[in-house]
>>> print(open('coords-v2.tsv').read())   # TSV, C-alpha atoms and all ligand atoms
chain	number	residue	atom	x	y	z
A	1342	MET	CA	-135.77	-26.98	79.91
A	1343	LEU	CA	-133.59	-25.24	82.51
A	1344	VAL	CA	-136.40	-25.07	85.07
A	1345	GLU	CA	-136.97	-28.77	84.67
A	1346	ASN	CA	-133.38	-29.94	84.68
A	1347	PHE	CA	-131.39	-27.30	86.51
A	1348	PRO	CA	-133.84	-26.04	89.15
A	1349	GLU	CA	-131.14	-24.79	91.56
A	1350	VAL	CA	-129.56	-22.52	88.92
A	1351	ILE	CA	-132.89	-20.76	88.39
A	1352	ASP	CA	-133.84	-20.74	92.07
A	1353	ILE	CA	-133.80	-17.18	93.36
A	1354	ASN	CA	-132.90	-18.16	96.93
A	1355	PHE	CA	-129.92	-20.10	95.74
A	1356	THR	CA	-128.83	-17.25	93.48
A	1357	SER	CA	-129.03	-14.69	96.28
A	1358	HIS	CA	-127.17	-17.03	98.60
A	1359	ILE	CA	-124.35	-17.30	96.07
A	1360	GLU	CA	-124.41	-13.52	95.55
A	1361	GLU	CA	-123.86	-13.05	99.27
A	1362	GLY	CA	-120.96	-15.45	99.03
A	1363	PHE	CA	-119.47	-13.29	96.22
A	1364	ASP	CA	-119.84	-10.17	98.38
A	1365	ASP	CA	-118.03	-11.88	101.24
A	1366	ILE	CA	-115.25	-12.93	98.85
A	1367	ALA	CA	-114.99	-9.35	97.57
A	1368	CYS	CA	-114.68	-8.07	101.15
A	1369	GLY	CA	-112.03	-10.64	101.93
A	1370	LYS	CA	-114.17	-12.32	104.58
A	1371	ILE	CA	-114.03	-15.77	103.02
A	1372	ALA	CA	-111.96	-17.65	100.44
A	1373	TRP	CA	-113.42	-18.16	96.96
A	1374	VAL	CA	-112.74	-21.87	96.60
A	1375	PRO	CA	-115.36	-23.13	99.10
A	1376	VAL	CA	-118.03	-20.85	97.61
A	1377	ILE	CA	-117.40	-21.99	94.07
A	1378	GLU	CA	-117.05	-25.58	95.20
A	1379	GLU	CA	-120.43	-25.48	96.89
A	1380	PHE	CA	-122.01	-24.44	93.62
A	1381	TYR	CA	-119.87	-26.22	91.10
A	1382	THR	CA	-119.57	-29.72	92.55
A	1383	PRO	CA	-123.31	-30.55	92.48
A	1384	PHE	CA	-123.80	-28.50	89.29
A	1385	LYS	CA	-121.14	-30.43	87.37
A	1386	LYS	CA	-122.49	-33.75	88.59
A	1387	ASN	CA	-126.01	-32.82	87.48
A	1388	LEU	CA	-124.73	-31.42	84.16
A	1389	ASP	CA	-122.92	-34.68	83.37
A	1390	GLU	CA	-126.05	-36.66	84.12
A	1391	LYS	CA	-128.29	-34.40	82.06
A	1392	MET	CA	-125.91	-34.43	79.11
A	1393	GLY	CA	-126.73	-38.10	78.76
A	1394	SER	CA	-130.45	-37.98	79.53
A	1395	VAL	CA	-131.89	-34.73	78.16
A	1396	GLU	CA	-132.89	-35.01	74.56
A	1397	LYS	CA	-131.53	-32.35	72.27
A	1398	LEU	CA	-134.27	-30.26	70.69
A	1399	THR	CA	-134.10	-30.68	66.97
A	1400	GLU	CA	-136.15	-28.67	64.55
A	1401	ILE	CA	-136.45	-29.86	60.97
A	1402	SER	CA	-136.30	-27.26	58.25
A	1403	GLU	CA	-137.98	-27.24	54.85
A	1404	THR	CA	-134.67	-27.07	53.03
A	1405	PRO	CA	-133.40	-30.31	51.49
A	1406	CYS	CA	-129.72	-31.06	51.97
A	1407	PRO	CA	-127.79	-30.41	48.74
A	1408	HIS	CA	-125.95	-33.74	49.22
A	1409	CYS	CA	-128.33	-36.35	50.67
A	1410	GLU	CA	-131.60	-34.53	49.91
A	1411	LYS	CA	-133.01	-35.22	53.36
A	1412	MET	CA	-134.56	-32.23	55.09
A	1413	MET	CA	-131.89	-30.29	56.95
A	1414	LEU	CA	-131.93	-29.75	60.71
A	1415	ILE	CA	-131.98	-26.32	62.33
A	1416	LYS	CA	-129.10	-26.14	64.77
A	1417	PHE	CA	-127.68	-23.52	67.09
A	1418	GLY	CA	-124.13	-22.33	66.74
A	1419	ARG	CA	-121.98	-19.50	68.00
A	1420	MET	CA	-123.51	-17.16	65.40
A	1421	GLY	CA	-127.09	-18.27	65.90
A	1422	LYS	CA	-129.21	-20.71	63.90
A	1423	PHE	CA	-127.99	-22.54	60.84
A	1424	LEU	CA	-128.96	-25.59	58.75
A	1425	ALA	CA	-127.12	-28.88	59.06
A	1426	CYS	CA	-127.29	-32.17	57.17
A	1427	PRO	CA	-129.11	-34.83	59.25
A	1428	GLU	CA	-126.73	-37.65	58.26
A	1429	PRO	CA	-124.50	-38.67	61.16
A	1430	GLY	CA	-120.95	-37.44	60.68
A	1431	SER	CA	-121.87	-35.14	57.82
A	1432	ARG	CA	-120.40	-31.66	58.00
A	1433	VAL	CA	-122.64	-30.10	55.36
A	1434	THR	CA	-124.13	-26.84	56.64
A	1435	LEU	CA	-126.02	-23.94	55.07
A	1436	PRO	CA	-127.26	-20.57	56.30
A	1437	LEU	CA	-131.01	-20.25	56.93
A	1438	PRO	CA	-132.97	-19.11	53.84
A	1439	GLU	CA	-133.57	-15.59	55.26
A	1440	GLU	CA	-129.89	-15.28	55.93
A	1441	ALA	CA	-128.92	-16.68	52.55
A	1442	ALA	CA	-131.10	-13.98	50.96
A	1443	LYS	CA	-129.41	-11.29	53.03
A	1444	ILE	CA	-125.97	-12.62	52.08
A	1445	LYS	CA	-126.95	-12.70	48.40
A	1446	GLU	CA	-128.09	-9.07	48.62
A	1447	LEU	CA	-124.83	-8.03	50.26
A	1448	GLU	CA	-122.81	-10.04	47.74
A	1449	ASP	CA	-124.50	-8.23	44.86
A	1450	LYS	CA	-123.81	-4.91	46.51
A	1451	THR	CA	-120.16	-5.64	47.20
A	1452	GLN	CA	-119.16	-7.71	44.16
A	1453	ASN	CA	-116.61	-5.15	42.95
A	1454	GLU	CA	-114.80	-4.78	46.25
A	1455	LYS	CA	-111.22	-5.94	46.31
A	1456	CYS	CA	-109.11	-7.08	49.23
A	1457	PRO	CA	-107.18	-4.12	50.71
A	1458	ILE	CA	-104.16	-6.38	51.20
A	1459	CYS	CA	-103.89	-8.67	48.17
A	1460	ALA	CA	-106.51	-7.17	45.78
A	1461	LYS	CA	-108.34	-10.50	45.33
A	1462	SER	CA	-112.15	-10.67	45.55
A	1463	MET	CA	-113.96	-10.40	48.85
A	1464	ALA	CA	-116.64	-12.70	50.29
A	1465	VAL	CA	-119.49	-11.79	52.62
A	1466	LYS	CA	-118.90	-13.22	56.10
A	1467	ARG	CA	-120.75	-13.06	59.33
A	1468	GLY	CA	-119.13	-12.32	62.65
A	1469	ARG	CA	-120.30	-11.47	66.12
A	1470	PHE	CA	-120.84	-7.84	65.14
A	1471	GLY	CA	-122.67	-8.51	61.90
A	1472	TYR	CA	-121.73	-8.94	58.26
A	1473	PHE	CA	-118.38	-7.90	56.86
A	1474	LEU	CA	-116.17	-8.67	53.88
A	1475	GLY	CA	-113.28	-11.08	54.14
A	1476	CYS	CA	-110.66	-11.96	51.53
A	1477	ILE	CA	-111.47	-15.10	49.50
A	1478	ASN	CA	-107.88	-16.07	50.10
A	1479	TYR	CA	-108.53	-16.49	53.82
A	1480	PRO	CA	-106.79	-17.89	55.93
A	1481	LYS	CA	-103.71	-17.09	53.84
A	1482	CYS	CA	-104.74	-13.46	53.59
A	1483	LYS	CA	-106.55	-11.84	56.49
A	1484	GLY	CA	-107.82	-8.80	54.58
A	1485	ILE	CA	-111.18	-7.58	55.87
A	1486	MET	CA	-113.43	-4.65	55.12
A	1487	LYS	CA	-116.59	-3.05	56.37
A	1488	ILE	CA	-119.67	-3.33	54.16
A	1489	GLN	CA	-120.51	0.22	53.20
A	1490	ASN	CA	-123.74	1.64	51.89
A	1491	LYS	CA	-122.59	3.31	48.71
A	1492	THR	CA	-124.58	6.12	47.15
A	1493	GLY	CA	-123.06	5.56	43.70
A	1494	TYR	CA	-121.22	8.90	43.81
A	1495	LYS	CA	-117.47	9.37	43.89
A	1496	CYS	CA	-115.86	11.71	46.39
A	1497	PRO	CA	-115.20	15.17	44.88
A	1498	ALA	CA	-112.61	15.98	47.56
A	1499	CYS	CA	-110.54	12.92	46.63
A	1500	GLN	CA	-110.93	13.83	42.98
A	1501	GLU	CA	-109.69	17.35	43.55
A	1502	ALA	CA	-106.80	16.23	45.75
A	1503	GLY	CA	-105.76	13.64	43.16
A	1504	ARG	CA	-106.10	10.88	45.74
A	1505	THR	CA	-106.17	7.31	44.42
A	1506	PRO	CA	-108.29	5.37	44.58
A	1507	ILE	CA	-111.02	7.96	44.71
A	1508	GLY	CA	-113.27	7.35	47.69
A	1509	ASP	CA	-116.98	6.57	47.41
A	1510	ILE	CA	-119.66	8.64	49.09
A	1511	VAL	CA	-121.14	6.23	51.61
A	1512	GLU	CA	-123.93	6.39	54.13
A	1513	LYS	CA	-122.77	6.62	57.73
A	1514	LYS	CA	-124.39	6.79	61.10
A	1515	SER	CA	-123.13	9.12	63.77
A	1516	ARG	CA	-122.27	7.50	67.02
A	1517	GLY	CA	-124.54	8.52	69.83
A	1518	ARG	CA	-127.73	9.79	68.23
A	1519	GLY	CA	-127.41	7.61	65.16
A	1520	LYS	CA	-127.98	10.49	62.76
A	1521	ILE	CA	-127.44	9.50	59.11
A	1522	PHE	CA	-124.89	11.46	57.10
A	1523	TYR	CA	-122.82	10.91	53.97
A	1524	ALA	CA	-119.07	10.83	53.88
A	1525	CYS	CA	-116.06	9.69	51.92
A	1526	SER	CA	-115.23	6.00	52.30
A	1527	ARG	CA	-111.59	6.99	52.67
A	1528	TRP	CA	-112.10	8.50	56.09
A	1529	PRO	CA	-109.84	9.36	57.90
A	1530	ASP	CA	-107.55	10.10	54.88
A	1531	CYS	CA	-110.33	12.19	53.45
A	1532	THR	CA	-112.73	14.08	55.71
A	1533	PHE	CA	-115.33	15.13	53.16
A	1534	LEU	CA	-118.87	14.76	54.41
A	1535	MET	CA	-122.34	16.09	53.76
A	1536	ASN	CA	-125.59	15.98	55.70
A	1537	LYS	CA	-128.04	15.32	52.91
A	1538	LYS	CA	-128.03	12.35	50.61
A	1539	PRO	CA	-126.65	13.41	47.22
A	1540	GLU	CA	-129.40	13.00	44.61
A	1541	ASN	CA	-127.44	14.32	41.64
A	1542	GLU	CA	-124.08	15.84	40.67
A	1543	PRO	CA	-125.10	19.48	41.35
A	1544	ASP	CA	-126.19	18.40	44.87
A	1545	LEU	CA	-122.82	16.84	45.43
A	1546	ASN	CA	-120.92	19.80	44.01
A	1547	SER	CA	-122.75	22.37	46.13
A	1548	ALA	CA	-122.15	20.24	49.24
A	1549	PHE	CA	-118.48	20.07	48.27
A	1550	GLN	CA	-118.34	23.83	47.84
A	1551	TYR	CA	-119.97	24.30	51.24
A	1552	TRP	CA	-117.49	21.91	52.81
A	1553	LYS	CA	-114.57	23.82	51.31
A	1554	ASP	CA	-115.98	27.17	52.47
A	1555	ASN	CA	-116.52	25.82	55.97
A	1556	PRO	CA	-113.40	23.93	56.91
A	1557	PRO	CA	-114.03	21.05	59.31
A	1558	LYS	CA	-112.14	22.76	62.16
A	1559	SER	CA	-114.76	25.47	62.53
A	1560	ARG	CA	-117.50	22.92	62.93
A	1561	ASN	CA	-118.27	20.62	65.76
A	1562	ARG	CA	-116.33	17.62	64.53
A	1563	LYS	CA	-117.37	15.40	67.40
A	1564	SER	CA	-120.74	14.54	65.97
A	1565	TYR	CA	-119.17	13.41	62.75
A	1566	LYS	CA	-116.43	11.31	64.24
A	1567	THR	CA	-116.71	7.66	63.45
A	1568	LYS	CA	-114.95	5.32	65.72
A	1569	SER	CA	-112.28	4.02	63.45
A	1570	SER	CA	-110.87	3.73	60.02
A	1571	GLN	CA	-112.05	0.65	58.20
A	1572	LYS	CA	-108.66	-0.96	58.37
A	1573	SER	CA	-108.17	-1.06	62.09
A	1574	GLU	CA	-111.50	-2.02	63.59
A	1575	PRO	CA	-113.95	-2.99	60.90
A	1576	LEU	CA	-116.31	-5.09	62.99
A	1577	LYS	CA	-117.19	-2.83	65.85
A	1578	GLU	CA	-119.93	-0.73	64.30
B	1601	ZN	ZN	-127.05	-34.33	53.72
B	1602	ZN	ZN	-106.50	-10.66	50.49
B	1603	ZN	ZN	-112.70	11.55	49.66
>>> encode(input="coords-v2.tsv", output="structure tokens")
Amino acid sequence: MLVENFPEVIDINFTSHIEEGFDDIACGKIAWVPVIEEFYTPFKKNLDEKMGSVEKLTEISETPCPHCEKMMLIKFGRMGKFLACPEPGSRVTLPLPEEAAKIKELEDKTQNEKCPICAKSMAVKRGRFGYFLGCINYPKCKGIMKIQNKTGYKCPACQEAGRTPIGDIVEKKSRGRGKIFYACSRWPDCTFLMNKKPENEPDLNSAFQYWKDNPPKSRNRKSYKTKSSQKSEPLKE
């Protein structure tokens, strides 16, 4: 579609010519306005023309619209593909079936999570960095949370320290090599971690004993460091 309608944007000679222009701007040899103008003026004119003439590609899905029952259209949005009602002016949208299944799975996994700010339920949302939990009271409450892979075990270090709520042992990935390890969900308040997945209580207890006998300071903490606590930057990982 681009090759057909915007040949100059794809043309390698044109691109290299513009690149040279950028270099000259960077060196202070020429002003930026004429360079951008040379590109932008014809580009904008062509874009305006093509907006009217190029037909939008529409794919029809096999999902009937829950309102009008016509087959929904597959559209592109900021977060990728989604389904939209084909009726003009309708704002009914749905996630694609694969995505709906993924959301359902995450919803089941996170149904007991509560908003860290107002303690209401959380809903699965999708952002630029993947899925996360957002308060159902959004936009009034902006509580968000990372979706964690829980092992089903509670943190023995939190238990012993009398911390409330007691953290969950969750699966984590080290930054860098992406090695899987298991740690308390209350990081950085609680620094308990173990290398192997806990399979039973004795497993967990011996890992806890080992952790106590080998205080974190004597180990290379770098490999275990996760970028942030879940409150400050939940979407980056
Ligand atoms: Zn509809
Ligand atoms: Zn909330
Ligand atoms: Zn803990």
>>> closest_residue(input="coords-v2.tsv", among="A:Ala1441, A:Ile1401, A:Ala1464, A:Cys1482", to="ligand ZN 1602 (chain B)", atoms="all atoms listed in the file")
A:Cys1482
>>> residues_near_ligand(input="coords-v2.tsv", ligand="ligand ZN 1601 (chain B)", cutoff="6 Å", atoms="only C-alpha atoms and all ligand atoms", output="PyMOL selection string")
chain A and resi 1406+1408-1410+1426-1428
>>> atom_distance(input="coords-v2.tsv", atom1="atom CA of A:Ser1357", atom2="atom CA of A:Ile1377")
13.9 Å
>>> residues_around(input="coords-v2.tsv", residues="A:Thr1404", least_positions_apart="6", cutoff="10 Å", atoms="only C-alpha atoms", output="PyMOL selection string")
chain A and resi 1410-1415+1424-1426+1435+1437-1438
>>> closest_residue(input="coords-v2.tsv", among="A:Leu1545, A:Cys1476, A:Ile1507, A:Tyr1551", to="A:Asp1530", atoms="all atoms listed in the file")
A:Ile1507
>>> residues_near_ligand(input="coords-v2.tsv", ligand="ligand ZN 1603 (chain B)", cutoff="8 Å", atoms="all atoms listed in the file", output="NGL selection string")
:A and (1495-1500 or 1504 or 1507-1510 or 1524-1528 or 1530-1533)
>>> residues_near_ligand(input="coords-v2.tsv", ligand="ligand ZN 1602 (chain B)", cutoff="12 Å", atoms="all atoms listed in the file", output="PDB file with C-alpha atoms, keeping the file's coordinate frame")
ATOM      1  CA  GLU A1454    -114.800  -4.780  46.250  1.00  0.00           C
ATOM      2  CA  LYS A1455    -111.220  -5.940  46.310  1.00  0.00           C
ATOM      3  CA  CYS A1456    -109.110  -7.080  49.230  1.00  0.00           C
ATOM      4  CA  PRO A1457    -107.180  -4.120  50.710  1.00  0.00           C
ATOM      5  CA  ILE A1458    -104.160  -6.380  51.200  1.00  0.00           C
ATOM      6  CA  CYS A1459    -103.890  -8.670  48.170  1.00  0.00           C
ATOM      7  CA  ALA A1460    -106.510  -7.170  45.780  1.00  0.00           C
ATOM      8  CA  LYS A1461    -108.340 -10.500  45.330  1.00  0.00           C
ATOM      9  CA  SER A1462    -112.150 -10.670  45.550  1.00  0.00           C
ATOM     10  CA  MET A1463    -113.960 -10.400  48.850  1.00  0.00           C
ATOM     11  CA  ALA A1464    -116.640 -12.700  50.290  1.00  0.00           C
ATOM     12  CA  LEU A1474    -116.170  -8.670  53.880  1.00  0.00           C
ATOM     13  CA  GLY A1475    -113.280 -11.080  54.140  1.00  0.00           C
ATOM     14  CA  CYS A1476    -110.660 -11.960  51.530  1.00  0.00           C
ATOM     15  CA  ILE A1477    -111.470 -15.100  49.500  1.00  0.00           C
ATOM     16  CA  ASN A1478    -107.880 -16.070  50.100  1.00  0.00           C
ATOM     17  CA  TYR A1479    -108.530 -16.490  53.820  1.00  0.00           C
ATOM     18  CA  PRO A1480    -106.790 -17.890  55.930  1.00  0.00           C
ATOM     19  CA  LYS A1481    -103.710 -17.090  53.840  1.00  0.00           C
ATOM     20  CA  CYS A1482    -104.740 -13.460  53.590  1.00  0.00           C
ATOM     21  CA  LYS A1483    -106.550 -11.840  56.490  1.00  0.00           C
ATOM     22  CA  GLY A1484    -107.820  -8.800  54.580  1.00  0.00           C
ATOM     23  CA  ILE A1485    -111.180  -7.580  55.870  1.00  0.00           C
ATOM     24  CA  MET A1486    -113.430  -4.650  55.120  1.00  0.00           C
TER      25      MET A1486
END
>>> closest_residue(input="coords-v2.tsv", among="A:Glu1439, A:Glu1349, A:Asp1544, A:Asp1449", to="A:Tyr1381", atoms="all atoms listed in the file")
A:Glu1349
>>> closest_residue(input="coords-v2.tsv", among="A:Glu1446, A:Arg1467, A:Glu1400, A:Met1392", to="A:Gly1421", atoms="only C-alpha atoms")
A:Arg1467
>>> atom_distance(input="coords-v2.tsv", atom1="atom CA of A:Lys1391", atom2="atom CA of A:Leu1343")
10.6 Å
>>> residues_around(input="coords-v2.tsv", residues="A:Pro1375", least_positions_apart="3", cutoff="12 Å", atoms="only C-alpha atoms", output="ChimeraX atom specification")
/A:1359,1362-1363,1365-1366,1371-1372,1378-1382
